[in-house]
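Novice: Just passing along the structure, written as structure tokens.
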Amino acid sequence: MYKRLNQLSFIIGLFFIILSVILIGGYLLSEALNARINLYSGISFLVFGIFMVWVKSGE
Amino acid sequence: MKLHLADYLVILLYFAFVVAVGFIIKKRIKSSNDFLNSSKTIPLWITSLAFISANLGAQEVLGMVASGAKYGIMTVHFYWVGAIFAMVFLGVFMMPFYYGSHARSVPEYLFLRFDEKTRALNAVTFAVMTVFSSGISLFALAKLFEVVLQWDFDVSIWVAAGIVLVYTFVGGLTSAVYNEVLQFFLIVLGLSPLVIVALQDAGGWENVKANLQPQLTHAWKYMGSADTNPMGIHFMSLIFGLGFVMSFGYWCTDFLVVQRAMIAKNMNAAQRTPILAAFPKMLMPLIVVLPGVVAIALSQPGLADKGYKIPVDAAGQLDYTMTLPSLLSHYYPSGLMGVGITALLASFMSGMAGNVTAFNSVFTYDIYQAYFVKKRSDRHYLRVGKLVTLFGILFSIGTAYIATSFNNINDFLQLVFSFVNGPLFATFLLGMFWKRTTADGAFWGLLMGTIGAAITHGLTIAEGKGGWISPMFPISSGMGQAFIVAAFSWVVNFFTTIFVSLITKPKPDEQLKGLVYSLTEKPKYKGAKWYQQVVPIGILLLIITILLNLIFF
């Protein structure tokens, strides 16, 4: 895990996964964030984030 | 606008990541070459995305949306006439010289090809230009914060510049490049939902077209006369001024972008960097031009029920620069608003850090080491590089205040480019492809070209700008003025360089090997698959670009 922090694709993936947690979590828990566009964007970011974490970027 | 806790969380998350990237990279910085040049270790996918992200600063994002609203679909010419052709040319023809000569910067290539005085002239003008570009990014961000978040303009400038300073100071060029890739994805993914919801709200592309004057929805149809299109420019001026002089001048000679290809691992990767970057670049109008066109459609009486209007400034004029922030404010709820604001922050940081790191390299190698303190230890130049980072950011803050007098920051930036990049491309074109070009020819051509740009600007007036000698030639838009200034400066440089070269002595052939086309062995990629070769991908790109021009004719 620590070694992978040197891989940019992993860092980008991690960033978007945390971002998706904020959006999806906010959609589920907060009235102010309860808009469908937050949910759809959050899911898209989650998929992209998982892909970037999974991919080996050859660095 | 009031931000929710979630919006602040997203902004803080972004700040934490960009600073963390800087500290992760810090371990790799052992020499001045690591700090200023990344020691040519960056993978192709990163150099390609950094190549376009370095150009995806606030002026690109806010400025192109502003231009989309002001000039309509004609703004795509910056991509489909300008950028793509120039990027292919850079990859196929020019990278072998930049990479093969082992120059550390574009001014250093000029030193190898010509002489010291040509390098000095280019290094100084480039340094001034990067500081201006960086200042415009800073101005854009501070204005955004002032309007959207009601933050104090001055405080925003100093706080934001401080964050860029941290990650460029600790991680140098590699940190800037890595963050540029993160910023690229954030900008594209953060603004994509806006394009979708705004276009859907406007009733789709067909309804946008139905609500706008046809001049705003056709790229070429109304360019037969300068009087019939919103940019106020004839198609020949556009093709020569933007498509040839300005775009080739920027993409092929501006060290800010060329540097991203020069740090690739090998020649093939260096050549493919701009060519692979051209694919996402081709689609960028969807993110940065389309929202502007949709915004001006939504401001028309036919779509008044949607409740959106482009903001006006204190004089009652449409404030195009604020088009994107106002769209974000109108369509994004809390949460995604934080992502949108952060995407704009990312564009600012990407632009500013890119300029500051390019300024670093040029100042340290081509000004400080070349003329002031030669032959000191590497540790000394590493320290100087870091100090220049600090001063580069302070200069940027100063230029940010100059940018406050322009209502469309993109026009302002194009004007700066036209003074510096316009004439420069003539120098490179002749220097790389005509071995008879002499050092004196290049120097005087460059100098006269820049003076020519200043004189043309002084004799033309557009939107109250220019005409400082005599406002003899009125032009209807600042953008059109920039094209004409660039075109004249290129012509002055081109013919001055040829004339002076013919009456001065050229360098012998043995000193020009690897620096000019006719004396350089061309890279060969025997056995490589078609997508690993630059020419087949370049041809594919050009075909797609021509098709896009035809579709939006």
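Letters for chains follow the order of the structure tokens (A, B, ...), residue numbers begin at 1 for each chain, and ligand numbers begin at 1 in the order shown.
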Could you give me, as an NGL selection string, the residues within 10 Å of region 121-132 of chain B, counting only C-alpha atoms and dropping anything in the same chain fewer than 3 positions from it?
Specialist: :B and (105-108 or 110-111 or 116-118 or 135-138 or 254-256 or 351-352 or 354-363 or 365-367 or 392-400 or 402-403 or 412-413 or 416-417 or 419-421 or 424 or 443 or 446-447 or 450)
Novice: Show me, as a ChimeraX atom specification, the residues that have an atom within 12 Å of Val339 (chain B) when counting only C-alpha atoms, minus same-chain residues fewer than 3 positions from it.
Specialist: /A:15-16,18-20,22-23,37-38,41-42,45 /B:3-4,6-14,183,185-194,328-329,332-336,342-346
Novice: Now that the selection is made, can you save its residues with N, CA and C atoms as a tab-separated table (two decimals), in the first residue's frame?
Specialist:
```tsv
chain	number	residue	atom	x	y	z
A	15	PHE	N	-8.06	9.59	-4.65
A	15	PHE	CA	-8.72	10.90	-4.57
A	15	PHE	C	-10.19	10.79	-5.01
A	16	PHE	N	-10.42	10.13	-6.14
A	16	PHE	CA	-11.79	10.07	-6.65
A	16	PHE	C	-12.67	9.13	-5.82
A	18	ILE	N	-12.44	8.81	-2.51
A	18	ILE	CA	-12.84	9.62	-1.34
A	18	ILE	C	-13.89	10.66	-1.75
A	19	LEU	N	-13.67	11.24	-2.94
A	19	LEU	CA	-14.64	12.22	-3.46
A	19	LEU	C	-16.03	11.58	-3.61
A	20	SER	N	-16.04	10.36	-4.12
A	20	SER	CA	-17.33	9.68	-4.31
A	20	SER	C	-17.99	9.38	-2.97
A	22	ILE	N	-17.80	11.21	-0.31
A	22	ILE	CA	-18.40	12.47	0.15
A	22	ILE	C	-19.74	12.70	-0.56
A	23	LEU	N	-19.76	12.48	-1.88
A	23	LEU	CA	-20.97	12.77	-2.65
A	23	LEU	C	-22.09	11.76	-2.36
A	37	ILE	N	-28.09	14.35	-9.07
A	37	ILE	CA	-26.83	14.60	-9.80
A	37	ILE	C	-25.62	14.29	-8.90
A	38	ASN	N	-25.79	14.48	-7.59
A	38	ASN	CA	-24.72	14.12	-6.66
A	38	ASN	C	-24.51	12.60	-6.66
A	41	SER	N	-23.04	11.46	-10.12
A	41	SER	CA	-21.64	11.87	-10.24
A	41	SER	C	-20.78	11.06	-9.29
A	42	GLY	N	-21.28	10.84	-8.07
A	42	GLY	CA	-20.54	10.05	-7.08
A	42	GLY	C	-20.26	8.65	-7.57
A	45	PHE	N	-17.59	8.78	-10.28
A	45	PHE	CA	-16.26	9.00	-9.69
A	45	PHE	C	-15.75	7.72	-9.02
B	3	LEU	N	-21.41	28.02	0.70
B	3	LEU	CA	-20.98	26.63	0.53
B	3	LEU	C	-21.37	25.79	1.73
B	4	HIS	N	-21.64	24.52	1.44
B	4	HIS	CA	-22.00	23.54	2.47
B	4	HIS	C	-20.71	22.92	3.01
B	6	ALA	N	-19.86	19.91	2.98
B	6	ALA	CA	-19.35	18.94	2.01
B	6	ALA	C	-18.50	19.62	0.93
B	7	ASP	N	-18.89	20.84	0.54
B	7	ASP	CA	-18.13	21.57	-0.47
B	7	ASP	C	-16.73	21.91	0.06
B	8	TYR	N	-16.71	22.37	1.31
B	8	TYR	CA	-15.41	22.69	1.93
B	8	TYR	C	-14.56	21.43	2.08
B	9	LEU	N	-15.23	20.31	2.36
B	9	LEU	CA	-14.49	19.03	2.49
B	9	LEU	C	-13.79	18.67	1.19
B	10	VAL	N	-14.52	18.85	0.07
B	10	VAL	CA	-13.94	18.53	-1.24
B	10	VAL	C	-12.73	19.44	-1.52
B	11	ILE	N	-12.89	20.74	-1.21
B	11	ILE	CA	-11.78	21.68	-1.43
B	11	ILE	C	-10.58	21.30	-0.57
B	12	LEU	N	-10.84	20.96	0.69
B	12	LEU	CA	-9.74	20.59	1.59
B	12	LEU	C	-9.08	19.28	1.14
B	13	LEU	N	-9.90	18.34	0.66
B	13	LEU	CA	-9.37	17.07	0.16
B	13	LEU	C	-8.39	17.34	-0.99
B	14	TYR	N	-8.79	18.23	-1.88
B	14	TYR	CA	-7.94	18.57	-3.03
B	14	TYR	C	-6.62	19.21	-2.57
B	183	GLN	N	-5.17	17.21	-11.78
B	183	GLN	CA	-6.01	18.37	-12.11
B	183	GLN	C	-6.76	18.16	-13.42
B	185	PHE	N	-7.91	15.31	-14.68
B	185	PHE	CA	-9.07	14.44	-14.44
B	185	PHE	C	-10.15	15.17	-13.63
B	186	LEU	N	-9.70	15.98	-12.68
B	186	LEU	CA	-10.67	16.71	-11.85
B	186	LEU	C	-11.45	17.72	-12.69
B	187	ILE	N	-10.75	18.42	-13.58
B	187	ILE	CA	-11.42	19.41	-14.42
B	187	ILE	C	-12.41	18.72	-15.36
B	188	VAL	N	-11.96	17.65	-16.02
B	188	VAL	CA	-12.82	16.98	-17.01
B	188	VAL	C	-14.03	16.33	-16.31
B	189	LEU	N	-13.75	15.55	-15.26
B	189	LEU	CA	-14.86	14.86	-14.58
B	189	LEU	C	-15.71	15.81	-13.75
B	190	GLY	N	-15.09	16.87	-13.24
B	190	GLY	CA	-15.84	17.82	-12.41
B	190	GLY	C	-16.76	18.72	-13.21
B	191	LEU	N	-16.41	18.99	-14.47
B	191	LEU	CA	-17.24	19.88	-15.28
B	191	LEU	C	-18.17	19.13	-16.24
B	192	SER	N	-17.91	17.84	-16.44
B	192	SER	CA	-18.77	17.08	-17.37
B	192	SER	C	-20.25	17.08	-16.96
B	193	PRO	N	-20.58	16.86	-15.67
B	193	PRO	CA	-22.00	16.88	-15.30
B	193	PRO	C	-22.67	18.22	-15.63
B	194	LEU	N	-21.90	19.33	-15.54
B	194	LEU	CA	-22.46	20.65	-15.84
B	194	LEU	C	-22.89	20.74	-17.30
B	328	LEU	N	-22.14	27.15	-12.79
B	328	LEU	CA	-21.95	26.25	-11.64
B	328	LEU	C	-22.94	26.61	-10.54
B	329	SER	N	-23.03	27.90	-10.27
B	329	SER	CA	-23.92	28.37	-9.20
B	329	SER	C	-25.38	28.02	-9.50
B	332	TYR	N	-25.32	23.46	-10.06
B	332	TYR	CA	-24.73	22.47	-9.15
B	332	TYR	C	-25.30	22.61	-7.74
B	333	PRO	N	-25.75	21.48	-7.15
B	333	PRO	CA	-26.18	21.51	-5.75
B	333	PRO	C	-24.95	21.42	-4.84
B	334	SER	N	-25.16	21.59	-3.55
B	334	SER	CA	-24.06	21.40	-2.59
B	334	SER	C	-23.46	20.01	-2.81
B	335	GLY	N	-22.22	19.89	-2.62
B	335	GLY	CA	-21.54	18.61	-2.87
B	335	GLY	C	-20.84	18.69	-4.22
B	336	LEU	N	-21.65	18.64	-5.27
B	336	LEU	CA	-21.07	18.76	-6.60
B	336	LEU	C	-20.54	20.18	-6.81
B	342	THR	N	-13.67	23.17	-7.01
B	342	THR	CA	-12.33	22.57	-6.95
B	342	THR	C	-11.75	22.37	-8.34
B	343	ALA	N	-12.61	22.05	-9.31
B	343	ALA	CA	-12.13	21.91	-10.69
B	343	ALA	C	-11.56	23.25	-11.18
B	344	LEU	N	-12.24	24.33	-10.83
B	344	LEU	CA	-11.73	25.64	-11.21
B	344	LEU	C	-10.43	25.96	-10.47
B	345	LEU	N	-10.38	25.58	-9.20
B	345	LEU	CA	-9.14	25.74	-8.44
B	345	LEU	C	-8.01	24.97	-9.11
B	346	ALA	N	-8.35	23.75	-9.55
B	346	ALA	CA	-7.35	22.89	-10.19
B	346	ALA	C	-6.86	23.54	-11.47
```
Novice: To one decimal place, how far is CA of His457 (chain B) from CA of Phe495 (chain B) in Å?
Specialist: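 About the pair CA of His457 (chain B) and CA of Phe495 (chain B): they are 19.4 Å apart.
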Novice: Select, from B:Gly243, B:Pro471, B:Gly100, B:Pro523, the residue with the minimum atom-to-atom distance to Phe483 (chain B), counting only C-alpha atoms.
Specialist: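 Smallest distance to Phe483 (chain B) is found for B:Gly243.
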Novice: Can you pull out the residues contacting Trp54 (chain A)? Cut-off 9 Å, using only C-alpha atoms, and skip same-chain residues under 6 positions away; I want them as a PyMOL selection string.
Specialist: chain A and resi 9-10+13
Novice: Can you spit out the residues from that selection as a compact mmCIF listing (two decimals), in the first residue's frame, using N, CA, C and O atoms?
Specialist:
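Result went into result-v3.txt, see below:
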```txt
# COMPACT_ATOMS: atom_id res chain seq x y z
N SER A 9 -1.31 6.91 -10.66
CA SER A 9 -2.66 6.38 -10.94
C SER A 9 -3.35 5.99 -9.63
O SER A 9 -4.56 6.19 -9.47
N PHE A 10 -2.59 5.44 -8.68
CA PHE A 10 -3.15 5.05 -7.39
C PHE A 10 -3.63 6.29 -6.61
O PHE A 10 -4.73 6.30 -6.05
N GLY A 13 -6.75 7.59 -8.21
CA GLY A 13 -7.86 6.69 -7.87
C GLY A 13 -8.35 6.92 -6.45
O GLY A 13 -9.57 7.03 -6.21
```
Novice: What separation in Å, quoted to one decimal, exists between CA of Glu510 (chain B) and CA of Trp444 (chain B)?
Specialist: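 A separation of 24.0 Å between them.
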Novice: Got a sec: who's within 7 Å of Phe433 (chain B), counting only C-alpha atoms, leaving out chain neighbours fewer than 4 positions off, as an NGL selection string?
Specialist: :B and (429 or 516-517)
Novice: Could you save those same residues with N, CA, C and O atoms as a PDB file, in the first residue's frame?
Specialist:
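What landed in part_2.pdb:
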```pdb
ATOM      1  N   LEU B 429      11.034  27.845 -37.403  1.00  0.00           N
ATOM      2  CA  LEU B 429      10.753  27.244 -38.707  1.00  0.00           C
ATOM      3  C   LEU B 429      11.974  27.381 -39.620  1.00  0.00           C
ATOM      4  O   LEU B 429      12.422  26.400 -40.236  1.00  0.00           O
ATOM      5  N   VAL B 516      19.333  20.772 -37.363  1.00  0.00           N
ATOM      6  CA  VAL B 516      18.514  21.167 -38.517  1.00  0.00           C
ATOM      7  C   VAL B 516      18.074  19.910 -39.283  1.00  0.00           C
ATOM      8  O   VAL B 516      18.739  18.879 -39.231  1.00  0.00           O
ATOM      9  N   TYR B 517      16.957  20.049 -39.991  1.00  0.00           N
ATOM     10  CA  TYR B 517      16.295  18.900 -40.596  1.00  0.00           C
ATOM     11  C   TYR B 517      17.192  18.141 -41.571  1.00  0.00           C
ATOM     12  O   TYR B 517      17.312  16.922 -41.512  1.00  0.00           O
TER      13      TYR B 517
END
```
Novice: Between B:Val197, B:Leu276, B:Ile503, B:Val257, which is the closest to chain A once you count only C-alpha atoms?
Specialist: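 Looking only at the distances to chain A, the closest residue turns out to be B:Val197.
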Novice: Using only C-alpha atoms, which protein or nucleic acid residues come within 6 Å of region 45-51 of chain B? Drop anything in the same chain fewer than 3 positions from it, and give the result as a list of chain:residue names.
Specialist: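 Non-adjacent residues within range: B:Ala54, B:Val177, B:Glu180, B:Val181, B:Val257, B:Arg260, B:Thr273, B:Ala277.
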Novice: Only C-alpha atoms, please: the residues just picked out, written as an mmCIF file, in the first residue's frame.
Specialist:
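Result saved to out_33.cif:
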```cif
data_model
loop_
_atom_site.group_PDB
_atom_site.id
_atom_site.type_symbol
_atom_site.label_atom_id
_atom_site.label_comp_id
_atom_site.auth_asym_id
_atom_site.auth_seq_id
_atom_site.Cartn_x
_atom_site.Cartn_y
_atom_site.Cartn_z
ATOM 1 C CA ALA B 54 -0.293 22.650 -18.620
ATOM 2 C CA VAL B 177 3.496 17.499 -13.663
ATOM 3 C CA GLU B 180 -1.347 18.520 -13.558
ATOM 4 C CA VAL B 181 -2.586 14.993 -14.328
ATOM 5 C CA VAL B 257 4.164 22.814 -23.020
ATOM 6 C CA ARG B 260 6.307 18.220 -20.814
ATOM 7 C CA THR B 273 3.580 12.951 -26.110
ATOM 8 C CA ALA B 277 -2.280 14.512 -26.060
#
```
Novice: What residues in region 221-298 of chain B get the DSSP label alpha helix (DSSP H)? Please answer as a ChimeraX atom specification.
Specialist: /B:235-237,247-253,255-262,267-283,285-288,290-298
Novice: Here is a test: counting only C-alpha atoms, which residue of B:Gln300, B:Phe244, B:Ala226, B:Asn268 is nearest to Asn211 (chain B)?
Specialist: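 Nearest candidate to Asn211 (chain B) out of B:Gln300, B:Phe244, B:Ala226, B:Asn268: B:Gln300.
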Novice: Applying 10 Å and only C-alpha atoms, which residues near Asn179 (chain B) remain after dropping the ones on its own chain fewer than 2 positions away? List them as a list in words.
Specialist: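 Everything that qualifies: Leu8 and Ile12 of chain A; Phe17, Val18, Val19, Ala20, Val21, Gly22, Ala50, Ser53, Tyr167, Thr168, Leu173, Thr174, Ser175, Ala176, Val177, Val181, Leu182, Gln183, Phe184, Ala346, Met349, Ser350, Ala353 and Gly354 of chain B.
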